[in-house]
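Below is work-v6.cif, which holds mmCIF, C-alpha atoms and all ligand atoms.
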data_final
#
loop_
_atom_site.group_PDB
_atom_site.id
_atom_site.type_symbol
_atom_site.label_atom_id
_atom_site.label_comp_id
_atom_site.auth_asym_id
_atom_site.auth_seq_id
_atom_site.Cartn_x
_atom_site.Cartn_y
_atom_site.Cartn_z
ATOM 1 C CA MET A 4 -21.214 24.383 0.472
ATOM 2 C CA TYR A 5 -23.200 24.935 3.664
ATOM 3 C CA CYS A 6 -21.606 25.198 7.083
ATOM 4 C CA PRO A 7 -21.873 21.808 8.889
ATOM 5 C CA THR A 8 -21.962 23.696 12.203
ATOM 6 C CA CYS A 9 -24.636 26.381 11.674
ATOM 7 C CA GLY A 10 -26.039 25.741 8.170
ATOM 8 C CA ASN A 11 -25.071 29.152 6.795
ATOM 9 C CA LYS A 12 -23.773 29.300 3.191
ATOM 10 C CA THR A 13 -19.945 29.380 3.201
ATOM 11 C CA ARG A 14 -17.683 31.677 1.154
ATOM 12 C CA GLU A 15 -14.175 31.212 -0.216
ATOM 13 C CA ALA A 16 -11.856 33.196 2.065
ATOM 14 C CA ILE A 17 -8.248 33.074 3.230
ATOM 15 C CA PRO A 18 -8.201 32.521 7.012
ATOM 16 C CA LEU A 19 -5.984 34.798 9.106
ATOM 17 C CA GLY A 20 -2.381 33.583 9.002
ATOM 18 C CA ASP A 21 -3.155 31.202 6.126
ATOM 19 C CA SER A 22 -2.363 31.549 2.408
ATOM 20 C CA ILE A 23 -4.922 29.276 0.756
ATOM 21 C CA PRO A 24 -8.592 30.168 0.101
ATOM 22 C CA ARG A 25 -10.934 27.830 2.000
ATOM 23 C CA SER A 26 -14.694 27.464 2.382
ATOM 24 C CA THR A 27 -15.350 29.631 5.409
ATOM 25 C CA CYS A 28 -18.524 30.378 7.376
ATOM 26 C CA LEU A 29 -18.719 34.125 7.970
ATOM 27 C CA LYS A 30 -21.446 33.591 10.586
ATOM 28 C CA CYS A 31 -19.792 31.137 13.020
ATOM 29 C CA GLY A 32 -16.192 31.101 11.793
ATOM 30 C CA TYR A 33 -16.065 27.432 10.702
ATOM 31 C CA VAL A 34 -13.259 26.760 8.192
ATOM 32 C CA HIS A 35 -13.427 23.715 5.906
ATOM 33 C CA TYR A 36 -9.919 22.258 5.488
ATOM 34 C CA GLU A 37 -9.376 19.768 2.681
ATOM 35 C CA ASN A 38 -6.162 17.813 3.155
ATOM 36 C CA PRO A 39 -4.725 14.801 1.327
ATOM 37 C CA LYS A 40 -6.121 11.380 2.188
ATOM 38 C CA ILE A 41 -3.872 8.557 3.390
ATOM 39 C CA ILE A 42 -4.203 5.225 1.613
ATOM 40 C CA VAL A 43 -2.548 2.171 3.134
ATOM 41 C CA ALA A 44 -1.572 -0.893 1.114
ATOM 42 C CA CYS A 45 -0.039 -4.311 1.834
ATOM 43 C CA ILE A 46 2.183 -6.301 -0.501
ATOM 44 C CA ILE A 47 1.930 -9.899 0.697
ATOM 45 C CA TYR A 48 4.353 -12.165 -1.116
ATOM 46 C CA GLU A 49 5.314 -15.803 -1.456
ATOM 47 C CA GLY A 50 8.413 -16.595 -3.510
ATOM 48 C CA GLU A 51 8.093 -14.510 -6.667
ATOM 49 C CA LYS A 52 4.325 -14.094 -6.391
ATOM 50 C CA ALA A 53 2.300 -11.343 -4.718
ATOM 51 C CA LEU A 54 -1.274 -11.332 -3.399
ATOM 52 C CA TRP A 55 -3.789 -9.431 -5.581
ATOM 53 C CA ILE A 56 -7.516 -8.873 -5.338
ATOM 54 C CA LYS A 57 -10.077 -8.495 -8.102
ATOM 55 C CA ARG A 58 -12.048 -5.455 -6.971
ATOM 56 C CA ALA A 59 -15.717 -6.090 -6.156
ATOM 57 C CA HIS A 60 -16.694 -2.404 -5.949
ATOM 58 C CA GLU A 61 -16.269 0.907 -7.744
ATOM 59 C CA PRO A 62 -13.964 2.453 -8.664
ATOM 60 C CA ASP A 63 -12.414 -0.033 -11.090
ATOM 61 C CA THR A 64 -14.735 -2.988 -10.372
ATOM 62 C CA GLY A 65 -13.260 -6.137 -11.897
ATOM 63 C CA SER A 66 -9.719 -4.708 -12.105
ATOM 64 C CA TRP A 67 -6.868 -6.170 -10.077
ATOM 65 C CA ALA A 68 -5.201 -4.310 -7.211
ATOM 66 C CA ILE A 69 -2.888 -4.746 -4.251
ATOM 67 C CA PRO A 70 -5.012 -4.836 -1.031
ATOM 68 C CA ALA A 71 -5.430 -1.210 0.066
ATOM 69 C CA GLY A 72 -7.840 1.324 1.484
ATOM 70 C CA PHE A 73 -8.297 4.578 3.352
ATOM 71 C CA MET A 74 -6.865 4.981 6.817
ATOM 72 C CA GLU A 75 -9.539 5.605 9.468
ATOM 73 C CA ARG A 76 -9.420 7.949 12.434
ATOM 74 C CA GLY A 77 -8.163 6.391 15.659
ATOM 75 C CA GLU A 78 -5.836 3.805 14.128
ATOM 76 C CA THR A 79 -2.113 3.692 13.376
ATOM 77 C CA VAL A 80 -0.906 3.360 9.789
ATOM 78 C CA GLN A 81 0.151 -0.238 10.440
ATOM 79 C CA GLU A 82 -3.208 -1.087 12.030
ATOM 80 C CA ALA A 83 -4.970 0.420 9.025
ATOM 81 C CA ALA A 84 -2.860 -1.660 6.625
ATOM 82 C CA CYS A 85 -3.579 -4.877 8.567
ATOM 83 C CA ARG A 86 -7.301 -4.066 8.754
ATOM 84 C CA GLU A 87 -7.576 -3.458 5.013
ATOM 85 C CA LEU A 88 -5.619 -6.632 4.301
ATOM 86 C CA GLN A 89 -7.955 -8.638 6.519
ATOM 87 C CA GLU A 90 -11.121 -7.065 5.095
ATOM 88 C CA GLU A 91 -10.075 -7.592 1.485
ATOM 89 C CA THR A 92 -8.245 -10.948 1.567
ATOM 90 C CA GLY A 93 -8.963 -12.666 4.899
ATOM 91 C CA VAL A 94 -5.224 -12.692 5.717
ATOM 92 C CA THR A 95 -4.628 -11.806 9.385
ATOM 93 C CA LEU A 96 -1.358 -10.130 10.377
ATOM 94 C CA GLN A 97 -0.340 -8.087 13.407
ATOM 95 C CA ALA A 98 0.911 -4.515 13.032
ATOM 96 C CA LYS A 99 4.423 -5.539 14.131
ATOM 97 C CA GLU A 100 4.641 -8.205 11.411
ATOM 98 C CA ILE A 101 4.537 -5.815 8.460
ATOM 99 C CA LYS A 102 7.469 -3.780 7.169
ATOM 100 C CA LEU A 103 7.424 -0.349 5.500
ATOM 101 C CA TYR A 104 7.910 -0.662 1.740
ATOM 102 C CA SER A 105 7.255 2.810 0.308
ATOM 103 C CA VAL A 106 5.676 6.207 0.864
ATOM 104 C CA LEU A 107 4.306 7.634 -2.343
ATOM 105 C CA SER A 108 3.031 11.208 -2.726
ATOM 106 C CA LEU A 109 0.337 11.630 -5.367
ATOM 107 C CA PRO A 110 -0.158 15.413 -5.285
ATOM 108 C CA ASP A 111 -2.375 15.448 -8.363
ATOM 109 C CA LEU A 112 -4.807 13.053 -6.681
ATOM 110 C CA ASP A 113 -4.353 14.573 -3.201
ATOM 111 C CA GLN A 114 -3.372 11.177 -1.836
ATOM 112 C CA VAL A 115 -0.448 9.700 0.076
ATOM 113 C CA TYR A 116 0.040 5.999 -0.509
ATOM 114 C CA ILE A 117 1.835 4.182 2.335
ATOM 115 C CA THR A 118 2.689 0.579 1.463
ATOM 116 C CA TYR A 119 3.825 -2.213 3.795
ATOM 117 C CA SER A 120 5.022 -5.708 2.962
ATOM 118 C CA ALA A 121 5.127 -9.116 4.617
ATOM 119 C CA PRO A 122 5.638 -12.724 3.560
ATOM 120 C CA LEU A 123 2.512 -14.873 3.348
ATOM 121 C CA ARG A 124 2.483 -17.389 6.200
ATOM 122 C CA SER A 125 -0.397 -19.640 5.169
ATOM 123 C CA HIS A 126 -2.904 -19.851 2.336
ATOM 124 C CA GLU A 127 -5.698 -18.459 4.502
ATOM 125 C CA PHE A 128 -6.825 -15.900 1.879
ATOM 126 C CA HIS A 129 -10.297 -16.131 0.366
ATOM 127 C CA VAL A 130 -12.976 -14.234 -1.549
ATOM 128 C CA THR A 131 -14.403 -11.379 0.551
ATOM 129 C CA GLU A 132 -17.111 -8.740 0.267
ATOM 130 C CA GLU A 133 -14.492 -6.483 -1.284
ATOM 131 C CA ALA A 134 -12.818 -8.996 -3.601
ATOM 132 C CA LEU A 135 -14.386 -11.131 -6.333
ATOM 133 C CA GLU A 136 -11.141 -13.156 -6.382
ATOM 134 C CA VAL A 137 -7.990 -13.228 -4.252
ATOM 135 C CA ARG A 138 -4.938 -14.811 -5.871
ATOM 136 C CA LEU A 139 -1.175 -15.078 -5.676
ATOM 137 C CA LEU A 140 0.051 -13.842 -9.058
ATOM 138 C CA SER A 141 3.442 -13.911 -10.770
ATOM 139 C CA GLN A 142 4.560 -10.972 -12.907
ATOM 140 C CA SER A 143 3.648 -12.801 -16.121
ATOM 141 C CA GLU A 144 0.190 -13.606 -14.774
ATOM 142 C CA VAL A 145 -0.378 -9.960 -13.744
ATOM 143 C CA ALA A 146 0.632 -8.848 -17.265
ATOM 144 C CA GLY A 147 -2.530 -10.496 -18.602
ATOM 145 C CA TYR A 148 -4.918 -8.638 -16.280
ATOM 146 C CA GLU A 149 -6.419 -5.195 -16.219
ATOM 147 C CA LEU A 150 -5.010 -3.309 -13.227
ATOM 148 C CA ALA A 151 -6.697 -0.582 -11.194
ATOM 149 C CA TYR A 152 -3.824 1.929 -11.480
ATOM 150 C CA PRO A 153 -2.772 4.814 -13.702
ATOM 151 C CA ALA A 154 0.118 3.784 -16.004
ATOM 152 C CA GLU A 155 2.780 5.654 -14.013
ATOM 153 C CA MET A 156 1.758 4.033 -10.761
ATOM 154 C CA GLU A 157 1.402 0.620 -12.389
ATOM 155 C CA GLN A 158 5.117 0.714 -13.310
ATOM 156 C CA MET A 159 6.013 1.568 -9.737
ATOM 157 C CA ILE A 160 3.846 -1.205 -8.294
ATOM 158 C CA LEU A 161 5.095 -3.821 -10.743
ATOM 159 C CA SER A 162 8.687 -3.011 -9.744
ATOM 160 C CA LEU A 163 7.940 -5.095 -6.643
ATOM 161 C CA TYR A 164 8.453 -8.167 -8.837
ATOM 162 C CA SER A 165 12.065 -7.304 -9.660
ATOM 163 C CA GLU A 166 12.651 -7.014 -5.909
ATOM 164 C CA LEU A 167 11.032 -10.382 -5.266
ATOM 165 C CA GLU A 168 13.264 -11.910 -7.967
ATOM 166 C CA SER A 169 16.362 -10.456 -6.337
ATOM 167 C CA GLY A 170 15.551 -12.014 -2.996
ATOM 168 C CA GLY A 171 12.981 -9.924 -1.138
ATOM 169 C CA ILE A 172 11.168 -6.644 -0.653
ATOM 170 C CA GLN A 173 13.319 -3.799 0.656
ATOM 171 C CA THR A 174 12.141 -0.469 2.000
ATOM 172 C CA LYS A 175 12.707 2.038 -0.780
ATOM 173 C CA THR A 176 15.389 4.681 -0.332
ATOM 174 C CA PRO A 177 14.180 8.299 -0.017
ATOM 175 C CA SER A 178 15.182 9.216 -3.580
ATOM 176 C CA SER A 179 12.687 6.757 -4.993
ATOM 177 C CA LEU A 180 9.822 7.550 -2.671
ATOM 178 C CA GLU A 181 8.030 10.233 -4.600
ATOM 179 C CA LEU A 182 6.172 10.053 -7.859
ATOM 180 C CA ARG A 183 4.355 12.927 -9.473
ATOM 181 C CA TRP A 184 2.468 13.174 -12.697
ATOM 182 C CA GLU A 185 0.140 15.604 -14.418
ATOM 183 C CA ASN A 186 -3.497 14.679 -14.969
ATOM 184 C CA GLN A 187 -4.063 13.762 -18.649
HETATM 185 ZN ZN ZN L 1 -21.302 28.353 10.485
#
Please express what this file holds, its structure, as structure tokens.
Ligand SMILES: [Zn+2]
Amino acid sequence: MYCPTCGNKTREAIPLGDSIPRSTCLKCGYVHYENPKIIVACIIYEGEKALWIKRAHEPDTGSWAIPAGFMERGETVQEAACRELQEETGVTLQAKEIKLYSVLSLPDLDQVYITYSAPLRSHEFHVTEEALEVRLLSQSEVAGYELAYPAEMEQMILSLYSELESGGIQTKTPSSLELRWENQ
């Protein structure tokens, strides 16, 4: 890569006091850090159904997903979750109205998935620029659709239905927070 500060070609080097090689500019000293990205998601439920979107964009166009997206700079995790929910489904919630559901480390994808939940208050959801369809789906309805997740994560996400059946979404205990798998 080229240094975004001075345009010089960078080299792989281990910065002083660090242990990982990073793209480094030997001219101006710029170091390019690549850290995991935070993805926020919202499980919005009504009875034993949850709100899903049919993705309008790549990746996985046409597959079904829980409303989610990348956290932006300058916002809290809860604000990010509410913003993504609004952008993808039209549902408006305040940061204080959503409850932490799970924190999922995906080290092989360099992502951290932070999921919140809240009950649906009104049927205000609608098709958006990011969703070809927005629907409340039961577990049996979801079973008939193609989902936008790797198999291991799909299992984890679908476990929300057993919680809805047993009376509501609970924040997961620390022992169940992490999931790791190898790529292919
Ligand atoms: Zn430079």
Original post:
Once you count all atoms listed in the file, which residues end up within 7 Å of ligand ZN 1 (chain L), and could you hand them over as a list in words?
Top reply: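 What falls inside 7 Å of ligand ZN 1 (chain L) is Cys6, Pro7, Thr8, Cys9, Gly10, Asn11, Cys28, Leu29, Lys30, Cys31, Gly32 and Tyr33 of chain A.
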Just the selected residues (C-alpha atoms), exported as a PDB file, in the frame of the given file, please.
ATOM      1  CA  CYS A   6     -21.606  25.198   7.083  1.00  0.00           C
ATOM      2  CA  PRO A   7     -21.873  21.808   8.889  1.00  0.00           C
ATOM      3  CA  THR A   8     -21.962  23.696  12.203  1.00  0.00           C
ATOM      4  CA  CYS A   9     -24.636  26.381  11.674  1.00  0.00           C
ATOM      5  CA  GLY A  10     -26.039  25.741   8.170  1.00  0.00           C
ATOM      6  CA  ASN A  11     -25.071  29.152   6.795  1.00  0.00           C
ATOM      7  CA  CYS A  28     -18.524  30.378   7.376  1.00  0.00           C
ATOM      8  CA  LEU A  29     -18.719  34.125   7.970  1.00  0.00           C
ATOM      9  CA  LYS A  30     -21.446  33.591  10.586  1.00  0.00           C
ATOM     10  CA  CYS A  31     -19.792  31.137  13.020  1.00  0.00           C
ATOM     11  CA  GLY A  32     -16.192  31.101  11.793  1.00  0.00           C
ATOM     12  CA  TYR A  33     -16.065  27.432  10.702  1.00  0.00           C
TER      13      TYR A  33
END
* **All residues 8 Å or closer to stretch 168-177 of chain A, all atoms listed in the file, same chain fewer than 3 positions away omitted, as an MDAnalysis selection string** => chainID A and resid 51 102:105 120 163:165 180:181
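Applied to the file shown here, the PyMOL selection byres (((chain A and resi 21-26) around 10) and not hetatm) selects Met4, Tyr5, Cys6, Lys12, Thr13, Arg14, Glu15, Ala16, Ile17, Pro18, Leu19, Gly20, Thr27, Cys28, Leu29, Tyr33, Val34, His35, Tyr36 and Glu37 of chain A.
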For this session: Could you list the residues chosen by the PyMOL selection byres (((chain A and resi 53) around 12) and not hetatm) in this structure as a count of residues only?
Result: 39
So how many Å separate atom CA of A:Ala151 and atom CA of A:Gln81, to one decimal?
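One can read the atom CA of A:Ala151 to atom CA of A:Gln81 distance as 22.7 Å.
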Students should find that atom CA of A:Glu78 and atom CA of A:Leu109 are spaced 21.9 Å
Near A:Gly65, counting all atoms listed in the file, which residues have an atom at most 9 Å away, once you skip same-chain residues fewer than 3 positions from it, shown as JSON, numbers by chain? {"A": [57, 58, 59, 60, 61, 134, 135, 149, 150, 151]}
List the residues selected by the PyMOL selection byres (((chain A and resi 117) around 9) and not hetatm) in the file shown, writing them as a PyMOL selection string.
chain A and resi 41-45+80+84+103-108+115-116+118-119
Export of the given selection (C-alpha atoms) as a PDB file, keeping the file's coordinate frame:
ATOM      1  CA  ILE A  41      -3.872   8.557   3.390  1.00  0.00           C
ATOM      2  CA  ILE A  42      -4.203   5.225   1.613  1.00  0.00           C
ATOM      3  CA  VAL A  43      -2.548   2.171   3.134  1.00  0.00           C
ATOM      4  CA  ALA A  44      -1.572  -0.893   1.114  1.00  0.00           C
ATOM      5  CA  CYS A  45      -0.039  -4.311   1.834  1.00  0.00           C
ATOM      6  CA  VAL A  80      -0.906   3.360   9.789  1.00  0.00           C
ATOM      7  CA  ALA A  84      -2.860  -1.660   6.625  1.00  0.00           C
ATOM      8  CA  LEU A 103       7.424  -0.349   5.500  1.00  0.00           C
ATOM      9  CA  TYR A 104       7.910  -0.662   1.740  1.00  0.00           C
ATOM     10  CA  SER A 105       7.255   2.810   0.308  1.00  0.00           C
ATOM     11  CA  VAL A 106       5.676   6.207   0.864  1.00  0.00           C
ATOM     12  CA  LEU A 107       4.306   7.634  -2.343  1.00  0.00           C
ATOM     13  CA  SER A 108       3.031  11.208  -2.726  1.00  0.00           C
ATOM     14  CA  VAL A 115      -0.448   9.700   0.076  1.00  0.00           C
ATOM     15  CA  TYR A 116       0.040   5.999  -0.509  1.00  0.00           C
ATOM     16  CA  THR A 118       2.689   0.579   1.463  1.00  0.00           C
ATOM     17  CA  TYR A 119       3.825  -2.213   3.795  1.00  0.00           C
TER      18      TYR A 119
END
* atom CA of A:Glu82 and atom CA of A:Asp113 are how many Å apart? ->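 Result for atom CA of A:Glu82 versus atom CA of A:Asp113: 21.9 Å, one decimal.
Using only C-alpha atoms for every distance, the candidate list A:Thr79, A:Gln114, A:Gln89, A:Ser66 yields A:Gln114 as the residue closest to A:Pro39.
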If you count all atoms listed in the file, the residue of A:Gly147, A:Met159, A:Asn38, A:Glu127 closest to A:Thr92 turns out to be A:Glu127
Find the smallest box with edges along x, y and z containing every listed atom of stretch 24-31 of chain A, then add 5 Å on each side and report centre and edge lengths in Å to one decimal, as AutoDock Vina command-line options.
--center_x -15.0 --center_y 30.8 --center_z 6.6 --size_x 22.9 --size_y 16.7 --size_z 22.9
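Restricting the calculation to only C-alpha atoms, the smallest distance between A:Ala98 and any of A:Pro62, A:Ala83, A:Met74, A:Glu155 is found for A:Ala83.
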Rank A:Glu75, A:Glu90, A:Glu157, A:Asp63 by their smallest atom-to-atom distance to A:Glu133, using only C-alpha atoms, and report the top residue only.
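Ranking A:Glu75, A:Glu90, A:Glu157, A:Asp63 by distance to A:Glu133, first place goes to A:Glu90.
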**A:Arg86 environment, 9 Å, only C-alpha atoms, sequence neighbours closer than 5 positions dropped, as number ranges by chain** = A: 81, 91, 95-96
ask   = Quick one: of A:Lys40, A:Glu132, A:His126, A:Ala154, who's nearest to A:Phe73, counting all atoms listed in the file?
value =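 Smallest distance to A:Phe73 is found for A:Lys40.
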Write out N, CA and C atoms for stretch 90-109 of chain A, as a PDB file, in the coordinates of the input.
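In the end it all went to part-v4.pdb:
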ATOM      1  N   GLU A  90      -9.807  -7.281   5.704  1.00  0.00           N
ATOM      2  CA  GLU A  90     -11.121  -7.065   5.095  1.00  0.00           C
ATOM      3  C   GLU A  90     -11.158  -7.530   3.641  1.00  0.00           C
ATOM      4  N   GLU A  91     -10.054  -7.324   2.925  1.00  0.00           N
ATOM      5  CA  GLU A  91     -10.075  -7.592   1.485  1.00  0.00           C
ATOM      6  C   GLU A  91      -9.635  -9.001   1.117  1.00  0.00           C
ATOM      7  N   THR A  92      -8.796  -9.637   1.957  1.00  0.00           N
ATOM      8  CA  THR A  92      -8.245 -10.948   1.567  1.00  0.00           C
ATOM      9  C   THR A  92      -8.460 -12.043   2.609  1.00  0.00           C
ATOM     10  N   GLY A  93      -8.838 -11.678   3.832  1.00  0.00           N
ATOM     11  CA  GLY A  93      -8.963 -12.666   4.899  1.00  0.00           C
ATOM     12  C   GLY A  93      -7.651 -13.001   5.584  1.00  0.00           C
ATOM     13  N   VAL A  94      -6.532 -12.429   5.096  1.00  0.00           N
ATOM     14  CA  VAL A  94      -5.224 -12.692   5.717  1.00  0.00           C
ATOM     15  C   VAL A  94      -5.097 -11.855   6.993  1.00  0.00           C
ATOM     16  N   THR A  95      -4.760 -12.506   8.109  1.00  0.00           N
ATOM     17  CA  THR A  95      -4.628 -11.806   9.385  1.00  0.00           C
ATOM     18  C   THR A  95      -3.160 -11.652   9.758  1.00  0.00           C
ATOM     19  N   LEU A  96      -2.721 -10.408   9.916  1.00  0.00           N
ATOM     20  CA  LEU A  96      -1.358 -10.130  10.377  1.00  0.00           C
ATOM     21  C   LEU A  96      -1.429  -9.084  11.481  1.00  0.00           C
ATOM     22  N   GLN A  97      -0.435  -9.105  12.358  1.00  0.00           N
ATOM     23  CA  GLN A  97      -0.340  -8.087  13.407  1.00  0.00           C
ATOM     24  C   GLN A  97       0.488  -6.916  12.880  1.00  0.00           C
ATOM     25  N   ALA A  98       0.219  -5.730  13.471  1.00  0.00           N
ATOM     26  CA  ALA A  98       0.911  -4.515  13.032  1.00  0.00           C
ATOM     27  C   ALA A  98       2.432  -4.683  13.038  1.00  0.00           C
ATOM     28  N   LYS A  99       2.961  -5.417  14.029  1.00  0.00           N
ATOM     29  CA  LYS A  99       4.423  -5.539  14.131  1.00  0.00           C
ATOM     30  C   LYS A  99       5.012  -6.502  13.095  1.00  0.00           C
ATOM     31  N   GLU A 100       4.152  -7.224  12.390  1.00  0.00           N
ATOM     32  CA  GLU A 100       4.641  -8.205  11.411  1.00  0.00           C
ATOM     33  C   GLU A 100       4.849  -7.624  10.018  1.00  0.00           C
ATOM     34  N   ILE A 101       4.380  -6.395   9.790  1.00  0.00           N
ATOM     35  CA  ILE A 101       4.537  -5.815   8.460  1.00  0.00           C
ATOM     36  C   ILE A 101       5.652  -4.786   8.463  1.00  0.00           C
ATOM     37  N   LYS A 102       6.293  -4.639   7.282  1.00  0.00           N
ATOM     38  CA  LYS A 102       7.469  -3.780   7.169  1.00  0.00           C
ATOM     39  C   LYS A 102       7.196  -2.683   6.146  1.00  0.00           C
ATOM     40  N   LEU A 103       7.646  -1.451   6.446  1.00  0.00           N
ATOM     41  CA  LEU A 103       7.424  -0.349   5.500  1.00  0.00           C
ATOM     42  C   LEU A 103       8.098  -0.646   4.166  1.00  0.00           C
ATOM     43  N   TYR A 104       7.357  -0.469   3.086  1.00  0.00           N
ATOM     44  CA  TYR A 104       7.910  -0.662   1.740  1.00  0.00           C
ATOM     45  C   TYR A 104       8.130   0.690   1.058  1.00  0.00           C
ATOM     46  N   SER A 105       7.068   1.512   0.950  1.00  0.00           N
ATOM     47  CA  SER A 105       7.255   2.810   0.308  1.00  0.00           C
ATOM     48  C   SER A 105       6.218   3.826   0.770  1.00  0.00           C
ATOM     49  N   VAL A 106       6.600   5.096   0.625  1.00  0.00           N
ATOM     50  CA  VAL A 106       5.676   6.207   0.864  1.00  0.00           C
ATOM     51  C   VAL A 106       5.638   6.993  -0.439  1.00  0.00           C
ATOM     52  N   LEU A 107       4.452   7.075  -1.009  1.00  0.00           N
ATOM     53  CA  LEU A 107       4.306   7.634  -2.343  1.00  0.00           C
ATOM     54  C   LEU A 107       3.369   8.837  -2.282  1.00  0.00           C
ATOM     55  N   SER A 108       3.887  10.015  -2.680  1.00  0.00           N
ATOM     56  CA  SER A 108       3.031  11.208  -2.726  1.00  0.00           C
ATOM     57  C   SER A 108       2.372  11.300  -4.093  1.00  0.00           C
ATOM     58  N   LEU A 109       1.059  11.462  -4.109  1.00  0.00           N
ATOM     59  CA  LEU A 109       0.337  11.630  -5.367  1.00  0.00           C
ATOM     60  C   LEU A 109      -0.362  12.989  -5.319  1.00  0.00           C
TER      61      LEU A 109
END
